[in-house]
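Novice: Supplied in structure tokens, the structure appears directly below.
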Amino acid sequence: MSNIRITKQFSFETGHALYGYDGKCRNVHGHSYKLSVTVIGTPISQSDNVKFGMVIDFGDLKKIVKAEIVDVFDHATVFNKNTPHVELAKELSDRGHNVLLVDYQPTSEMMVIDFAEKIKKHLPSNITLFSLKLQETDSSFAEWYASDNKE
């Protein structure tokens, strides 16, 4: 049977700041992110399976991405925990803000790498993460492709 790619799209609001950056993004600001998750696999061929004809139930993919990405990053402010921004993060957290400390510079490029690793860990063994597209503005996005990242 043919391999089929399916894609589910998500959106979330996240703030961040890029420590040491030489432009405006060194300041705390936010984006309305759009994340497209594409997986590849063979549709289930057992006619007695409730998921007959599906590569993966869109609802099952949604559960994984919501739990690992959307519910974690939505309305959070992300800072690199290895920079002085950790002080600002503590202050915001102490005031009740949702702060997320990561061990990387929170650019779209680094976030999409993090997201790929998180999603891959939870996919069924017969499904492969094909690509991710993380869009931070209408004209700017980062993409991750499994074919570019063979281990």
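Scheme for the structure tokens: letters A, B, ... for chains in order shown; per-chain residue numbers from 1; ligand numbers from 1 in order shown.
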If DSSP is run on the backbone, what residues of chain A are strand (DSSP E or B)? A reply as a VMD selection string would be ideal.
Specialist: chain A and resid 4 to 16 29 to 41 76 to 80 99 to 102 128 to 137 140 to 145
Novice: For a quick check of understanding, using only C-alpha atoms, which of A:Leu129, A:Leu88, A:Val70, A:Ile113 has the smallest distance to Glu13 of chain A?
Specialist: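 Of A:Leu129, A:Leu88, A:Val70, A:Ile113, the one nearest Glu13 of chain A is A:Val70, counting only C-alpha atoms.
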Novice: Which residues come within 12 Å of Val72 of chain A, counting only C-alpha atoms, excluding same-chain residues fewer than 3 positions away, as a list in words?
Specialist: Phe12, Glu13, Thr14, Ile64, Val65, Lys66, Ala67, Glu68, Ile69, His75, Ala76, Thr77, Val78, Asn98, Val99, Leu100, Leu101, Val102, Phe115 and Lys118 of chain A
Novice: Set the distance at 10 Å and use only C-alpha atoms: which residues neighbour His29 of chain A once local chain neighbours fewer than 5 positions away are removed? I'd like the list as a JSON list (two decimals) with all heavy atoms, in the first residue's frame.
Specialist:
```json
[["chain", "number", "residue", "atom", "x", "y", "z"],
["A", 14, "THR", "N", 2.81, 32.81, 21.96],
["A", 14, "THR", "CA", 3.97, 32.65, 22.83],
["A", 14, "THR", "C", 4.84, 33.90, 22.78],
["A", 14, "THR", "O", 5.04, 34.48, 21.71],
["A", 14, "THR", "CB", 4.81, 31.42, 22.41],
["A", 14, "THR", "OG1", 4.00, 30.26, 22.49],
["A", 14, "THR", "CG2", 6.03, 31.24, 23.30],
["A", 15, "GLY", "N", 5.35, 34.29, 23.94],
["A", 15, "GLY", "CA", 6.31, 35.38, 24.03],
["A", 15, "GLY", "C", 7.71, 34.83, 24.18],
["A", 15, "GLY", "O", 7.90, 33.70, 24.62],
["A", 16, "HIS", "N", 8.69, 35.64, 23.81],
["A", 16, "HIS", "CA", 10.08, 35.24, 24.00],
["A", 16, "HIS", "C", 10.97, 36.46, 23.87],
["A", 16, "HIS", "O", 10.53, 37.55, 23.52],
["A", 16, "HIS", "CB", 10.51, 34.13, 23.02],
["A", 16, "HIS", "CG", 10.62, 34.55, 21.60],
["A", 16, "HIS", "ND1", 11.44, 33.93, 20.70],
["A", 16, "HIS", "CD2", 10.02, 35.55, 20.89],
["A", 16, "HIS", "CE1", 11.35, 34.50, 19.51],
["A", 16, "HIS", "NE2", 10.49, 35.48, 19.60],
["A", 17, "ALA", "N", 12.23, 36.28, 24.19],
["A", 17, "ALA", "CA", 13.25, 37.31, 23.98],
["A", 17, "ALA", "C", 14.54, 36.58, 23.62],
["A", 17, "ALA", "O", 14.81, 35.49, 24.13],
["A", 17, "ALA", "CB", 13.45, 38.15, 25.23],
["A", 18, "LEU", "N", 15.31, 37.18, 22.72],
["A", 18, "LEU", "CA", 16.55, 36.56, 22.26],
["A", 18, "LEU", "C", 17.74, 37.27, 22.88],
["A", 18, "LEU", "O", 18.14, 38.35, 22.43],
["A", 18, "LEU", "CB", 16.63, 36.60, 20.73],
["A", 18, "LEU", "CG", 15.44, 35.95, 20.00],
["A", 18, "LEU", "CD1", 15.62, 36.06, 18.50],
["A", 18, "LEU", "CD2", 15.26, 34.50, 20.43],
["A", 24, "LYS", "N", 15.64, 44.11, 17.29],
["A", 24, "LYS", "CA", 14.49, 44.33, 18.16],
["A", 24, "LYS", "C", 14.08, 43.09, 18.96],
["A", 24, "LYS", "O", 13.51, 43.21, 20.04],
["A", 24, "LYS", "CB", 13.29, 44.81, 17.34],
["A", 24, "LYS", "CG", 13.44, 46.19, 16.77],
["A", 24, "LYS", "CD", 12.20, 46.56, 15.97],
["A", 24, "LYS", "CE", 12.32, 47.93, 15.35],
["A", 24, "LYS", "NZ", 11.11, 48.27, 14.59],
["A", 77, "THR", "N", 5.88, 32.66, 28.24],
["A", 77, "THR", "CA", 7.02, 33.44, 27.77],
["A", 77, "THR", "C", 8.24, 32.55, 27.92],
["A", 77, "THR", "O", 8.49, 32.01, 28.99],
["A", 77, "THR", "CB", 7.19, 34.74, 28.58],
["A", 77, "THR", "OG1", 5.96, 35.47, 28.52],
["A", 77, "THR", "CG2", 8.30, 35.60, 27.99]]
```
Novice: Quick one, how far is atom CA of Val37 of chain A from atom CA of Val50 of chain A?
Specialist: 23.0 Å
Novice: Could you please write out, as a PyMOL selection string, every residue of chain A that DSSP assigns to helix (DSSP H, G or I)?
Specialist: chain A and resi 24-26+58-73+85-94+108-120+146-148
Novice: Kindly indicate which residue among A:Lys121, A:Arg5, A:Lys34, A:Arg26 lies nearest to Ser139 of chain A, using only C-alpha atoms for the distances.
Specialist: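 Ranked by minimum distance to Ser139 of chain A, first place goes to A:Lys34.
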Novice: Give me the residues within 8 Å of Tyr19 of chain A as a ChimeraX atom specification, counting only C-alpha atoms and dropping any in the same chain fewer than 4 places off.
Specialist: /A:26,80,83-85,105
Novice: Could you write those residues out with N, CA and C atoms, as an mmCIF file, in the first residue's frame?
Specialist:
```
data_model
loop_
_atom_site.group_PDB
_atom_site.id
_atom_site.type_symbol
_atom_site.label_atom_id
_atom_site.label_comp_id
_atom_site.auth_asym_id
_atom_site.auth_seq_id
_atom_site.Cartn_x
_atom_site.Cartn_y
_atom_site.Cartn_z
ATOM 1 N N ARG A 26 15.611 41.226 20.741
ATOM 2 C CA ARG A 26 16.242 41.060 22.058
ATOM 3 C C ARG A 26 15.266 41.463 23.157
ATOM 4 N N ASN A 80 15.832 31.488 27.379
ATOM 5 C CA ASN A 80 16.979 30.587 27.458
ATOM 6 C C ASN A 80 17.464 30.595 28.906
ATOM 7 N N THR A 83 21.103 32.153 30.246
ATOM 8 C CA THR A 83 21.416 33.570 30.037
ATOM 9 C C THR A 83 20.911 34.372 31.240
ATOM 10 N N PRO A 84 21.314 35.637 31.329
ATOM 11 C CA PRO A 84 20.787 36.484 32.411
ATOM 12 C C PRO A 84 19.269 36.674 32.367
ATOM 13 N N HIS A 85 18.625 36.292 31.284
ATOM 14 C CA HIS A 85 17.164 36.381 31.229
ATOM 15 C C HIS A 85 16.510 35.533 32.316
ATOM 16 N N GLN A 105 18.472 28.987 22.643
ATOM 17 C CA GLN A 105 17.977 30.309 22.257
ATOM 18 C C GLN A 105 16.608 30.099 21.608
#
```
Novice: Pick out the residues sitting within 7 Å of Pro43 of chain A, and hand them over as JSON, numbers by chain; count only C-alpha atoms, and ignore anything fewer than 5 positions along from it in its own chain.
Specialist: {"A": [53, 54, 55]}
Novice: Please produce an output containing N, CA and C atoms for each residue in the selection, written as a PDB file, in the first residue's frame.
Specialist:
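Once written, result.pdb looks like this:
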```pdb
ATOM      1  N   GLY A  53      -8.355   2.555   7.113  1.00  0.00           N
ATOM      2  CA  GLY A  53      -8.175   3.554   6.073  1.00  0.00           C
ATOM      3  C   GLY A  53      -7.415   4.788   6.508  1.00  0.00           C
ATOM      4  N   MET A  54      -7.091   4.884   7.798  1.00  0.00           N
ATOM      5  CA  MET A  54      -6.371   6.064   8.304  1.00  0.00           C
ATOM      6  C   MET A  54      -4.893   5.752   8.484  1.00  0.00           C
ATOM      7  N   VAL A  55      -4.058   6.753   8.263  1.00  0.00           N
ATOM      8  CA  VAL A  55      -2.643   6.656   8.621  1.00  0.00           C
ATOM      9  C   VAL A  55      -2.543   6.784  10.140  1.00  0.00           C
TER      10      VAL A  55
END
```
Novice: Of the residues A:Thr107, A:Asn27, A:Ser45, A:Asn3, which is the one nearest to Thr128 of chain A, using only C-alpha atoms?
Specialist: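 Under the stated criterion, the closest residue is A:Asn3.
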